[in-house]
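Shown here: coords-v3.cif, mmCIF, C-alpha atoms.
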```cif
data_data
loop_
_atom_site.label_atom_id
_atom_site.label_comp_id
_atom_site.auth_asym_id
_atom_site.auth_seq_id
_atom_site.Cartn_x
_atom_site.Cartn_y
_atom_site.Cartn_z
CA MET F 1 64.06 -86.54 39.40
CA ALA F 2 64.01 -88.70 36.28
CA ILE F 3 60.25 -88.38 36.24
CA ALA F 4 60.48 -84.61 36.47
CA ALA F 5 62.94 -84.59 33.59
CA ARG F 6 60.60 -86.60 31.43
CA THR F 7 57.60 -84.39 32.16
CA LYS F 8 59.61 -81.42 30.96
CA ASP F 9 60.16 -83.01 27.56
CA LYS F 10 56.55 -82.72 26.47
CA PRO F 11 53.69 -80.32 27.17
CA GLN F 12 51.95 -81.36 30.34
CA HIS F 13 48.48 -80.81 28.90
CA SER F 14 48.94 -83.60 26.38
CA VAL F 15 48.37 -86.32 28.95
CA THR F 16 45.33 -84.81 30.62
CA GLY F 17 42.56 -85.73 28.15
CA SER F 18 39.49 -83.52 27.85
CA THR F 19 39.06 -80.00 29.12
CA VAL F 20 38.10 -79.90 32.84
CA TYR F 21 35.81 -76.87 32.94
CA PRO F 22 34.91 -76.98 36.69
CA ILE F 23 38.59 -76.72 37.63
CA LEU F 24 39.13 -73.91 35.12
CA LEU F 25 36.15 -72.04 36.58
CA ILE F 26 37.38 -72.41 40.17
CA ILE F 27 40.98 -71.43 39.40
CA GLY F 28 39.62 -68.47 37.44
CA ILE F 29 37.58 -67.39 40.47
CA CYS F 30 40.65 -67.74 42.68
CA HIS F 31 42.63 -65.65 40.22
CA MET F 32 39.88 -63.02 40.46
CA LEU F 33 40.09 -63.02 44.28
CA ASN F 34 43.90 -62.86 44.24
CA ASP F 35 44.01 -59.94 41.82
CA THR F 36 41.21 -58.15 43.66
CA LEU F 37 43.55 -57.99 46.66
CA GLN F 38 46.34 -56.61 44.48
CA ALA F 39 44.00 -54.13 42.79
CA VAL F 40 43.09 -52.62 46.16
CA ILE F 41 46.54 -51.01 46.29
CA PRO F 42 46.36 -48.74 43.21
CA ALA F 43 42.68 -48.11 44.05
CA MET F 44 43.91 -46.58 47.32
CA PHE F 45 46.27 -44.13 45.60
CA PRO F 46 43.94 -41.09 45.59
CA ILE F 47 43.06 -41.77 49.25
CA LEU F 48 46.70 -42.21 50.33
CA GLU F 49 47.72 -39.14 48.35
CA ARG F 50 45.27 -37.03 50.35
CA SER F 51 45.34 -38.68 53.77
CA MET F 52 49.13 -39.22 54.04
CA GLY F 53 50.30 -36.49 51.67
CA LEU F 54 52.18 -38.89 49.39
CA THR F 55 53.75 -37.63 46.17
CA PHE F 56 53.22 -39.24 42.76
CA THR F 57 56.75 -40.60 43.01
CA GLN F 58 55.94 -42.30 46.35
CA LEU F 59 52.76 -43.76 44.85
CA GLY F 60 54.87 -45.05 42.00
CA LEU F 61 57.25 -46.64 44.51
CA ILE F 62 54.36 -48.47 46.17
CA ALA F 63 53.34 -49.91 42.79
CA PHE F 64 57.01 -50.64 42.07
CA THR F 65 57.40 -52.61 45.32
CA LEU F 66 54.25 -54.65 44.73
CA ASN F 67 55.04 -55.47 41.14
CA MET F 68 58.78 -56.02 41.45
CA VAL F 69 58.42 -58.52 44.30
CA SER F 70 55.93 -60.40 42.18
CA SER F 71 57.82 -60.17 38.90
CA VAL F 72 61.25 -61.05 40.29
CA MET F 73 59.94 -64.08 42.16
CA GLN F 74 57.49 -65.45 39.58
CA PRO F 75 59.97 -66.78 36.99
CA ALA F 76 62.14 -68.27 39.74
CA ILE F 77 59.16 -69.99 41.38
CA GLY F 78 57.90 -71.15 37.99
CA TRP F 79 61.33 -72.61 37.15
CA TYR F 80 61.49 -74.42 40.50
CA THR F 81 57.97 -75.84 40.30
CA ASP F 82 58.53 -77.03 36.73
CA LYS F 83 61.05 -79.38 38.32
CA ARG F 84 59.18 -79.96 41.60
CA PRO F 85 55.47 -79.02 41.35
CA MET F 86 54.01 -77.78 44.66
CA PRO F 87 50.21 -78.20 44.71
CA TYR F 88 49.75 -76.87 48.24
CA ALA F 89 51.76 -73.71 47.58
CA LEU F 90 48.55 -72.17 46.20
CA PRO F 91 46.64 -71.73 49.50
CA ILE F 92 49.87 -70.58 51.18
CA ALA F 93 50.17 -67.86 48.54
CA LEU F 94 46.72 -66.42 49.24
CA PHE F 95 47.27 -66.59 53.00
CA SER F 96 50.37 -64.40 52.54
CA SER F 97 48.30 -61.90 50.54
CA ALA F 98 45.58 -61.88 53.21
CA VAL F 99 48.15 -61.08 55.90
CA GLY F 100 49.50 -58.22 53.78
CA ILE F 101 46.07 -56.75 53.09
CA PHE F 102 45.13 -56.84 56.78
CA GLY F 103 48.35 -55.05 57.71
CA LEU F 104 47.78 -52.46 54.99
CA ALA F 105 44.50 -51.41 56.61
CA PHE F 106 46.32 -50.24 59.74
CA ALA F 107 49.73 -49.22 58.32
CA PRO F 108 50.76 -45.96 60.01
CA SER F 109 53.55 -44.92 57.67
CA PHE F 110 54.89 -45.12 54.13
CA ALA F 111 57.52 -47.69 55.19
CA THR F 112 54.89 -49.93 56.78
CA ILE F 113 52.78 -49.76 53.62
CA LEU F 114 55.78 -50.97 51.62
CA LEU F 115 56.28 -53.91 54.03
CA CYS F 116 52.64 -55.00 53.72
CA VAL F 117 52.87 -54.71 49.96
CA VAL F 118 55.82 -57.14 50.02
CA PHE F 119 53.57 -59.84 51.56
CA ILE F 120 50.93 -59.24 48.89
CA GLY F 121 53.53 -59.34 46.12
CA LEU F 122 55.03 -62.57 47.47
CA GLY F 123 51.61 -64.23 47.52
CA SER F 124 51.03 -63.18 43.92
CA ALA F 125 54.46 -64.46 42.88
CA ILE F 126 53.63 -67.93 44.17
CA PHE F 127 50.05 -68.00 42.94
CA HIS F 128 50.44 -67.01 39.30
CA PRO F 129 52.81 -69.65 37.88
CA GLU F 130 51.11 -72.46 39.82
CA GLY F 131 47.66 -71.19 38.88
CA SER F 132 48.69 -71.13 35.23
CA ARG F 133 49.96 -74.70 35.58
CA VAL F 134 46.56 -75.78 36.92
CA ALA F 135 44.89 -74.11 33.91
CA ASN F 136 47.30 -75.92 31.60
CA MET F 137 46.62 -79.28 33.26
CA ALA F 138 42.86 -78.76 32.90
CA ALA F 139 43.03 -77.39 29.34
CA GLY F 140 42.91 -80.54 27.24
CA SER F 141 43.27 -79.40 23.62
CA ARG F 142 41.85 -75.89 24.22
CA ARG F 143 44.86 -74.12 25.62
CA GLY F 144 43.92 -70.65 24.43
CA LEU F 145 40.44 -70.90 25.94
CA ALA F 146 41.79 -72.38 29.19
CA GLN F 147 44.29 -69.55 29.68
CA SER F 148 41.58 -67.02 28.84
CA ILE F 149 39.28 -68.43 31.52
CA TYR F 150 42.14 -68.33 34.00
CA GLN F 151 43.42 -64.87 33.02
CA VAL F 152 39.99 -63.26 32.74
CA GLY F 153 39.54 -63.98 36.43
CA GLY F 154 42.59 -61.85 37.18
CA ASN F 155 41.50 -59.04 34.89
CA THR F 156 38.03 -59.06 36.42
CA GLY F 157 39.56 -58.78 39.87
CA GLN F 158 41.58 -55.78 38.72
CA ALA F 159 38.46 -54.23 37.22
CA PHE F 160 36.79 -54.28 40.64
CA ALA F 161 39.39 -51.84 41.96
CA PRO F 162 37.66 -48.61 40.87
CA LEU F 163 34.36 -49.83 42.32
CA ILE F 164 36.17 -50.76 45.52
CA ALA F 165 37.60 -47.25 45.71
CA ALA F 166 34.31 -45.54 44.92
CA LEU F 167 31.97 -47.63 47.09
CA MET F 168 34.15 -48.71 50.02
CA LEU F 169 37.47 -46.94 50.34
CA VAL F 170 36.20 -43.40 49.79
CA PRO F 171 33.58 -43.63 52.61
CA LEU F 172 35.56 -45.98 54.90
CA GLY F 173 39.11 -44.81 54.27
CA GLN F 174 42.27 -46.86 54.72
CA THR F 175 40.89 -49.09 57.48
CA GLY F 176 38.12 -50.27 55.14
CA VAL F 177 40.75 -52.41 53.40
CA ALA F 178 40.60 -54.83 56.36
CA TRP F 179 37.35 -56.24 54.98
CA PHE F 180 39.29 -57.72 52.07
CA THR F 181 41.00 -60.13 54.43
CA ILE F 182 37.76 -62.12 54.08
CA VAL F 183 38.35 -62.27 50.31
CA GLY F 184 41.80 -63.72 50.90
CA MET F 185 40.60 -66.40 53.28
CA LEU F 186 37.76 -67.36 50.91
CA ALA F 187 40.37 -67.92 48.19
CA VAL F 188 42.42 -70.08 50.57
CA GLY F 189 39.42 -72.39 50.99
CA PHE F 190 38.89 -72.74 47.23
CA LEU F 191 42.59 -73.37 46.67
CA LEU F 192 42.70 -76.21 49.18
CA TYR F 193 40.20 -78.00 46.91
CA ILE F 194 42.22 -77.13 43.79
CA SER F 195 45.41 -78.37 45.46
CA ARG F 196 43.90 -81.80 46.11
CA TRP F 197 42.85 -82.06 42.45
CA TYR F 198 46.28 -80.82 41.33
CA ALA F 199 48.07 -83.42 43.45
CA GLY F 200 45.93 -86.23 42.01
CA ARG F 201 46.38 -85.06 38.43
CA LEU F 202 50.12 -84.78 38.97
CA GLN F 203 50.28 -88.47 39.90
CA THR F 204 48.44 -89.32 36.66
CA ILE F 205 50.82 -87.19 34.59
CA ARG F 206 53.87 -88.80 36.15
CA ALA F 207 52.51 -92.32 35.67
CA GLN F 208 51.77 -91.67 31.98
CA ALA F 209 55.09 -89.89 31.44
CA LYS F 210 56.89 -93.11 32.44
CA LYS F 211 55.22 -94.85 29.49
CA THR F 212 56.05 -92.09 26.98
CA PRO F 213 59.46 -92.04 25.28
CA ALA F 214 61.38 -88.82 25.86
CA LYS F 215 61.48 -86.50 22.84
CA ALA F 216 64.74 -85.51 21.25
CA ALA F 217 66.12 -82.11 22.16
CA ARG F 218 65.54 -79.24 19.73
CA SER F 219 68.27 -78.27 17.30
CA ASP F 220 70.46 -75.30 18.20
CA ILE F 221 68.91 -73.30 15.34
CA HIS F 222 65.37 -73.85 16.62
CA ARG F 223 66.42 -73.12 20.20
CA LYS F 224 68.06 -69.84 19.12
CA SER F 225 64.98 -68.85 17.09
CA ALA F 226 62.73 -69.61 20.06
CA LEU F 227 64.87 -67.41 22.33
CA ILE F 228 64.71 -64.53 19.84
CA ALA F 229 60.92 -64.91 19.64
CA LEU F 230 60.71 -64.91 23.43
CA GLY F 231 62.75 -61.70 23.50
CA ILE F 232 60.25 -60.05 21.13
CA ILE F 233 57.34 -61.22 23.30
CA VAL F 234 59.06 -59.72 26.33
CA PHE F 235 59.42 -56.38 24.56
CA LEU F 236 55.78 -56.38 23.48
CA ILE F 237 54.71 -57.10 27.06
CA PHE F 238 56.85 -54.13 28.06
CA ALA F 239 54.92 -51.82 25.71
CA ARG F 240 51.49 -53.16 26.68
CA SER F 241 52.22 -53.05 30.42
CA TRP F 242 53.57 -49.52 30.45
CA TYR F 243 50.51 -48.24 28.65
CA GLY F 244 48.08 -50.26 30.75
CA ASN F 245 49.65 -49.02 33.98
CA ALA F 246 49.55 -45.43 32.79
CA ILE F 247 45.78 -45.76 32.47
CA SER F 248 45.01 -47.87 35.55
CA ASN F 249 47.30 -45.98 37.96
CA PHE F 250 47.14 -42.38 36.76
CA TYR F 251 44.20 -41.75 34.43
CA ALA F 252 41.93 -41.09 37.42
CA PHE F 253 44.12 -38.10 38.29
CA TYR F 254 43.98 -36.98 34.65
CA ALA F 255 40.17 -37.15 34.65
CA ILE F 256 40.01 -35.17 37.91
CA GLU F 257 42.32 -32.49 36.50
CA GLN F 258 40.86 -32.25 32.99
CA TYR F 259 37.17 -32.82 33.62
CA GLY F 260 36.80 -31.47 37.17
CA LEU F 261 35.54 -34.79 38.55
CA THR F 262 35.53 -36.17 42.09
CA ILE F 263 37.58 -39.24 43.05
CA LYS F 264 34.42 -41.36 42.93
CA GLU F 265 33.45 -40.12 39.47
CA SER F 266 36.95 -40.55 38.06
CA GLN F 267 37.01 -44.22 39.01
CA THR F 268 34.27 -45.00 36.48
CA TYR F 269 36.77 -44.44 33.65
CA ILE F 270 39.20 -46.94 35.12
CA PHE F 271 36.45 -49.45 35.78
CA LEU F 272 35.31 -49.30 32.16
CA PHE F 273 38.88 -49.72 30.88
CA LEU F 274 39.50 -52.72 33.14
CA ILE F 275 36.15 -54.48 32.75
CA LEU F 276 36.34 -54.24 28.95
CA GLY F 277 39.91 -55.45 29.34
CA ALA F 278 38.61 -58.52 31.15
CA ILE F 279 36.22 -59.21 28.28
CA GLY F 280 39.06 -58.74 25.81
CA THR F 281 41.21 -61.17 27.77
CA PHE F 282 38.50 -63.81 27.56
CA LEU F 283 37.92 -63.29 23.84
CA GLY F 284 41.62 -63.39 23.01
CA GLY F 285 42.08 -67.08 23.78
CA PRO F 286 39.29 -68.47 21.56
CA LEU F 287 40.29 -66.03 18.79
CA ALA F 288 43.87 -67.27 19.03
CA ASP F 289 42.69 -70.90 18.89
CA ARG F 290 40.91 -70.04 15.63
CA PHE F 291 43.04 -67.37 13.91
CA GLY F 292 46.47 -67.95 15.43
CA LYS F 293 48.28 -66.51 18.42
CA LYS F 294 50.71 -64.39 16.40
CA ASN F 295 47.84 -62.66 14.58
CA VAL F 296 45.99 -61.82 17.80
CA ILE F 297 49.16 -60.39 19.38
CA LEU F 298 49.83 -58.23 16.32
CA VAL F 299 46.31 -56.88 15.94
CA SER F 300 45.80 -56.20 19.66
CA LEU F 301 48.65 -53.69 19.79
CA LEU F 302 48.45 -52.05 16.36
CA ALA F 303 44.67 -51.58 16.46
CA SER F 304 45.00 -49.89 19.88
CA PHE F 305 47.49 -47.30 18.64
CA PRO F 306 45.19 -44.78 16.89
CA LEU F 307 42.69 -44.99 19.76
CA ALA F 308 45.45 -44.30 22.30
CA LEU F 309 46.55 -41.23 20.30
CA LEU F 310 43.02 -39.81 20.37
CA LEU F 311 42.43 -40.38 24.10
CA PRO F 312 44.35 -37.36 25.55
CA PHE F 313 42.34 -35.03 23.28
CA ALA F 314 38.92 -36.56 23.90
CA GLY F 315 36.11 -34.96 25.87
CA PRO F 316 34.67 -36.57 29.02
CA VAL F 317 32.04 -38.59 27.10
CA PHE F 318 34.15 -39.72 24.11
CA ALA F 319 36.88 -40.74 26.58
CA TYR F 320 34.55 -43.50 27.85
CA VAL F 321 34.23 -44.90 24.33
CA LEU F 322 37.96 -44.80 23.66
CA LEU F 323 38.94 -46.32 27.00
CA GLY F 324 36.45 -49.15 26.54
CA LEU F 325 37.74 -49.96 23.06
CA ILE F 326 41.39 -49.73 24.10
CA GLY F 327 40.78 -52.02 27.07
CA LEU F 328 38.91 -54.53 24.90
CA ILE F 329 41.49 -54.63 22.10
CA LEU F 330 44.78 -54.17 23.93
CA THR F 331 44.26 -56.89 26.54
CA SER F 332 43.02 -59.47 24.02
CA SER F 333 46.66 -60.54 23.74
CA PHE F 334 47.19 -60.99 27.50
CA SER F 335 46.48 -64.71 27.80
CA VAL F 336 47.70 -65.30 24.24
CA THR F 337 51.25 -64.16 24.99
CA VAL F 338 51.35 -66.64 27.90
CA VAL F 339 50.30 -69.57 25.71
CA TYR F 340 52.61 -68.45 22.89
CA ALA F 341 55.60 -68.46 25.26
CA GLN F 342 54.59 -71.83 26.72
CA GLU F 343 54.51 -73.33 23.24
CA LEU F 344 57.88 -71.81 22.41
CA PHE F 345 59.30 -73.82 25.34
CA PRO F 346 56.99 -76.80 25.97
CA GLY F 347 57.35 -78.39 29.37
CA LYS F 348 58.39 -75.09 30.99
CA ILE F 349 54.84 -74.11 31.87
CA GLY F 350 55.60 -72.41 35.18
CA THR F 351 58.75 -70.69 33.93
CA MET F 352 57.04 -69.19 30.89
CA SER F 353 53.97 -68.19 32.88
CA GLY F 354 56.16 -66.60 35.54
CA LEU F 355 58.21 -64.82 32.91
CA THR F 356 55.32 -63.45 30.85
CA VAL F 357 52.76 -62.68 33.57
CA GLY F 358 55.43 -61.77 36.12
CA LEU F 359 57.17 -59.65 33.55
CA ALA F 360 53.94 -57.82 32.84
CA PHE F 361 53.83 -56.79 36.50
CA GLY F 362 57.54 -56.00 36.51
CA MET F 363 57.41 -53.82 33.44
CA GLY F 364 54.40 -52.10 34.93
CA ALA F 365 56.40 -51.56 38.11
CA ILE F 366 59.22 -49.82 36.31
CA GLY F 367 56.66 -47.89 34.32
CA SER F 368 54.83 -46.78 37.46
CA VAL F 369 57.96 -45.21 38.93
CA ALA F 370 58.97 -43.61 35.62
CA LEU F 371 55.48 -42.34 34.88
CA GLY F 372 55.07 -40.94 38.38
CA SER F 373 58.35 -39.07 37.97
CA PHE F 374 57.37 -37.82 34.50
CA ILE F 375 54.04 -36.55 35.84
CA ASP F 376 55.78 -34.76 38.73
CA ALA F 377 58.25 -33.20 36.27
CA PHE F 378 56.18 -32.49 33.14
CA GLY F 379 52.52 -32.80 34.11
CA LEU F 380 49.72 -35.25 33.39
CA THR F 381 48.75 -34.24 29.87
CA PRO F 382 52.24 -34.39 28.26
CA THR F 383 52.84 -37.77 29.92
CA MET F 384 49.55 -39.21 28.67
CA ILE F 385 50.33 -38.02 25.14
CA GLY F 386 53.78 -39.58 25.31
CA VAL F 387 52.65 -43.04 26.46
CA ALA F 388 50.05 -43.13 23.66
CA PHE F 389 52.86 -44.05 21.26
CA LEU F 390 53.73 -47.29 23.08
CA PRO F 391 51.24 -49.59 21.26
CA ILE F 392 52.92 -48.84 17.89
CA LEU F 393 55.77 -51.07 19.08
CA GLY F 394 53.42 -53.96 18.29
CA ILE F 395 54.77 -53.78 14.74
CA LEU F 396 57.59 -56.01 16.01
CA ALA F 397 55.08 -58.90 16.17
CA PHE F 398 55.61 -59.27 12.40
CA LEU F 399 58.99 -60.80 13.31
CA LEU F 400 57.46 -63.60 15.42
CA PRO F 401 57.42 -67.15 13.98
CA SER F 402 53.99 -68.36 12.98
CA ASP F 403 51.99 -70.84 15.04
CA GLN F 404 52.58 -73.47 12.36
CA THR F 405 56.35 -72.96 12.54
CA ILE F 406 56.36 -73.45 16.31
CA SER F 407 54.26 -76.61 15.94
CA LYS F 408 56.86 -78.01 13.52
CA TRP F 409 59.64 -77.22 15.99
CA ASN F 410 57.77 -79.09 18.73
CA GLU F 411 57.11 -82.10 16.50
CA SER F 412 60.70 -82.42 15.25
#
```
Would you write out, as structure tokens, the structure that this file holds?
Amino acid sequence: MAIAARTKDKPQHSVTGSTVYPILLIIGICHMLNDTLQAVIPAMFPILERSMGLTFTQLGLIAFTLNMVSSVMQPAIGWYTDKRPMPYALPIALFSSAVGIFGLAFAPSFATILLCVVFIGLGSAIFHPEGSRVANMAAGSRRGLAQSIYQVGGNTGQAFAPLIAALMLVPLGQTGVAWFTIVGMLAVGFLLYISRWYAGRLQTIRAQAKKTPAKAARSDIHRKSALIALGIIVFLIFARSWYGNAISNFYAFYAIEQYGLTIKESQTYIFLFLILGAIGTFLGGPLADRFGKKNVILVSLLASFPLALLLPFAGPVFAYVLLGLIGLILTSSFSVTVVYAQELFPGKIGTMSGLTVGLAFGMGAIGSVALGSFIDAFGLTPTMIGVAFLPILGILAFLLPSDQTISKWNES
């Protein structure tokens, strides 16, 4: 355990040398496959609402179950694997998700759907902190870019959900989900390769850590400032996640109601929002490497605010433009908040990844239940207008310490 203690004293990427792009590409693909399985669930909402007669509140509870299992477990798993890394937990995670997705295809009741969703959420909880650790190990000096490559895989997987709904689930129905078991097993194969690389790199990190003197602990003032900054990041993730879930889970219903569209047609709005979000996620990392993580976080939220205010009043064509821009700008901070938190607490790669990414799912989970209830009580349009004010909370990013300040903390 002495080795584990030493590796926590300094960022794990610092002993890994140059950026390992093949590993980043593969872990990004695996992230895409993992999040494709998760994205199938909200993509099924219009189908489940019609075929099983579920209410918006029940649909919100499905999203709540998926996201809460993932968010509650992710920080705990990240904390544990910071102390005892588990390379072969990655393929186990995707196998759990594959089991859940296969069961979901034949679930006969609302309760059974919730049980299957638990398996999918558990797989995600294990995958995300360990996947982020792999990205960190392979990053070299380009941490923002590495996290962007990793995170853009997940966002791309989520963006496939509307296409999945339009092209497969609408014609095939609930049982069509069984085909995605193949996606899960494909990811298991890729992750077995990643796990072997991870195990070998871990041995290198531990051997080099033995030769590196342990750094002195931070002062109490710096530790307190880092905790306050982390609290602000958590709150900003809360605002971004609530708004993002309002669009991805419920905007299809809004488009059907306001524009008289079919389920298939409405999914094009969500696809555009998510695919531009994937591009924004990728761009955010390199921009943060160049202009600073704090600046990207600040701009991503505040620049989205006026666009979000316009969206509920836009026509069917202008709504495409607004959704694309919001997705591009808002999610540019997704990978950046992960790296920012990891640099606030170097050596706690899994914990910070689990907290920030897991928290994003968790906040979305709470938001899904609340938004579903608001829609049932007040209607779609008033709810969409209300959530448009969430991005303005990004003004709190002015209170975050600068990248240079955090670097000084880590060097002292």
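Nearest to Pro22 in chain F of all the residues F:Ala239, F:Ile194, F:Met168, F:Leu230 is F:Ile194, based on only C-alpha atoms.
Straight-line separation from CA of Leu115 in chain F to CA of Gly379 in chain F: 29.3 Å.
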Resolved residues for the PyMOL selection byres ((chain F and resi 262-275) around 6) as an MDAnalysis selection string:
chainID F and resid 159 162 166 248 252 255 261 276:278 323:324 327
Check your understanding: Can you list, as a PyMOL selection string, every protein, DNA or RNA residue that comes within 6 Å of Phe119 in chain F when you count all atoms listed in the file, leaving out same-chain residues fewer than 5 positions away?
Key -> chain F and resi 96-97+100
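For the pair CA of Leu24 in chain F and CA of Tyr150 in chain F, the interatomic distance is 6.4 Å.
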For the contact check between range 104-137 of chain F and range 337-342 of chain F, emit one row per residue of range 104-137 of chain F within 12 Å, containing the shortest atom pair and the distance in Å rounded to one decimal, counting all atoms listed in the file, chain then rising number order, as JSON lines.
```
{"residue": "F:His128", "atom": "CA", "partner": "F:Val338", "partner_atom": "CA", "distance": 11.4}
{"residue": "F:Pro129", "atom": "CA", "partner": "F:Val338", "partner_atom": "CA", "distance": 10.5}
{"residue": "F:Ser132", "atom": "CA", "partner": "F:Val338", "partner_atom": "CA", "distance": 9.0}
{"residue": "F:Arg133", "atom": "CA", "partner": "F:Gln342", "partner_atom": "CA", "distance": 10.4}
{"residue": "F:Ala135", "atom": "CA", "partner": "F:Val339", "partner_atom": "CA", "distance": 10.8}
{"residue": "F:Asn136", "atom": "CA", "partner": "F:Val339", "partner_atom": "CA", "distance": 9.2}
```
Using only C-alpha atoms, the shortest atom-to-atom distance to Ser195 in chain F among F:Gly131, F:Gly315, F:Pro391, F:Gly231 belongs to F:Gly131
Exercise. Check what the PyMOL selection byres ((chain F and resi 389) around 12) selects in the file above and give those residues as a PyMOL selection string.
Key: chain F and resi 239-240+242-243+301-302+304-312+382-388+390-395
Translate the PyMOL selection byres ((chain F and resi 180) around 10) into a concrete residue list for this structure, as a ChimeraX atom specification.
/F:33,36-37,40,98,101-102,105,176-179,181-186
### Query
Counting all atoms listed in the file, which residues come within 10 Å of (45.9, -36.1, 43.0), with the point read in the file's coordinates, and could you list them as a VMD selection string?
chain F and resid 45 to 50 53 to 56 250 252 to 254 256 to 257 263
Using the selection just defined, write its residues with C-alpha atoms as a CSV table (one decimal), in the coordinates of the input.
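Once everything was written out, this is result-v6.csv:
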```csv
chain,number,residue,atom,x,y,z
F,45,PHE,CA,46.3,-44.1,45.6
F,46,PRO,CA,43.9,-41.1,45.6
F,47,ILE,CA,43.1,-41.8,49.2
F,48,LEU,CA,46.7,-42.2,50.3
F,49,GLU,CA,47.7,-39.1,48.4
F,50,ARG,CA,45.3,-37.0,50.4
F,53,GLY,CA,50.3,-36.5,51.7
F,54,LEU,CA,52.2,-38.9,49.4
F,55,THR,CA,53.8,-37.6,46.2
F,56,PHE,CA,53.2,-39.2,42.8
F,250,PHE,CA,47.1,-42.4,36.8
F,252,ALA,CA,41.9,-41.1,37.4
F,253,PHE,CA,44.1,-38.1,38.3
F,254,TYR,CA,44.0,-37.0,34.6
F,256,ILE,CA,40.0,-35.2,37.9
F,257,GLU,CA,42.3,-32.5,36.5
F,263,ILE,CA,37.6,-39.2,43.0
```
Students should find that CA of Val369 in chain F and CA of Gln74 in chain F are spaced 20.3 Å
Distance query Ile77 in chain F at most 12 Å, only C-alpha atoms, self and fewer than 2 positions along chain excluded, as a PyMOL selection string: chain F and resi 69-75+79-86+89-90+93+122-131+133+348-355+358
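Using all atoms listed in the file for every distance, the candidate list F:Ile26, F:Val299, F:Leu325, F:Ile366 yields F:Ile366 as the residue closest to Ala63 in chain F.
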Judged by all atoms listed in the file, the minimum distance to Lys294 in chain F among F:Thr65, F:Ser333, F:Ser373, F:Thr112 is found for F:Ser333
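Closest approach to Asn410 in chain F among F:Arg223, F:Pro171, F:Ile329, F:Lys293: F:Arg223, based on only C-alpha atoms.
Nearest residue to Leu104 in chain F among F:Gln38, F:Ala370, F:Ala146, F:Val321 is F:Gln38, counting only C-alpha atoms.
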Can you sort out range 286-298 of chain F so it carries N, CA and C atoms, written as a PDB file, keeping the file's coordinate frame?
```pdb
ATOM      1  N   PRO F 286      40.005 -67.805  22.656  1.00  0.00           N
ATOM      2  CA  PRO F 286      39.290 -68.470  21.560  1.00  0.00           C
ATOM      3  C   PRO F 286      39.655 -67.925  20.185  1.00  0.00           C
ATOM      4  N   LEU F 287      39.876 -66.594  20.076  1.00  0.00           N
ATOM      5  CA  LEU F 287      40.290 -66.030  18.790  1.00  0.00           C
ATOM      6  C   LEU F 287      41.649 -66.573  18.367  1.00  0.00           C
ATOM      7  N   ALA F 288      42.554 -66.731  19.342  1.00  0.00           N
ATOM      8  CA  ALA F 288      43.870 -67.270  19.030  1.00  0.00           C
ATOM      9  C   ALA F 288      43.780 -68.739  18.617  1.00  0.00           C
ATOM     10  N   ASP F 289      42.888 -69.507  19.281  1.00  0.00           N
ATOM     11  CA  ASP F 289      42.690 -70.900  18.890  1.00  0.00           C
ATOM     12  C   ASP F 289      42.222 -71.002  17.436  1.00  0.00           C
ATOM     13  N   ARG F 290      41.476 -69.992  16.982  1.00  0.00           N
ATOM     14  CA  ARG F 290      40.910 -70.040  15.630  1.00  0.00           C
ATOM     15  C   ARG F 290      41.797 -69.350  14.590  1.00  0.00           C
ATOM     16  N   PHE F 291      42.323 -68.165  14.913  1.00  0.00           N
ATOM     17  CA  PHE F 291      43.040 -67.370  13.910  1.00  0.00           C
ATOM     18  C   PHE F 291      44.556 -67.343  14.118  1.00  0.00           C
ATOM     19  N   GLY F 292      45.037 -67.909  15.199  1.00  0.00           N
ATOM     20  CA  GLY F 292      46.470 -67.950  15.430  1.00  0.00           C
ATOM     21  C   GLY F 292      46.908 -66.943  16.487  1.00  0.00           C
ATOM     22  N   LYS F 293      47.830 -67.359  17.317  1.00  0.00           N
ATOM     23  CA  LYS F 293      48.280 -66.510  18.420  1.00  0.00           C
ATOM     24  C   LYS F 293      49.075 -65.302  17.926  1.00  0.00           C
ATOM     25  N   LYS F 294      49.929 -65.515  16.933  1.00  0.00           N
ATOM     26  CA  LYS F 294      50.710 -64.390  16.400  1.00  0.00           C
ATOM     27  C   LYS F 294      49.794 -63.291  15.879  1.00  0.00           C
ATOM     28  N   ASN F 295      48.745 -63.651  15.156  1.00  0.00           N
ATOM     29  CA  ASN F 295      47.840 -62.660  14.580  1.00  0.00           C
ATOM     30  C   ASN F 295      47.118 -61.855  15.653  1.00  0.00           C
ATOM     31  N   VAL F 296      46.688 -62.528  16.725  1.00  0.00           N
ATOM     32  CA  VAL F 296      45.990 -61.820  17.800  1.00  0.00           C
ATOM     33  C   VAL F 296      46.944 -60.844  18.503  1.00  0.00           C
ATOM     34  N   ILE F 297      48.179 -61.269  18.739  1.00  0.00           N
ATOM     35  CA  ILE F 297      49.160 -60.390  19.380  1.00  0.00           C
ATOM     36  C   ILE F 297      49.403 -59.148  18.532  1.00  0.00           C
ATOM     37  N   LEU F 298      49.564 -59.339  17.238  1.00  0.00           N
ATOM     38  CA  LEU F 298      49.830 -58.230  16.320  1.00  0.00           C
ATOM     39  C   LEU F 298      48.684 -57.241  16.284  1.00  0.00           C
TER      40      LEU F 298
END
```
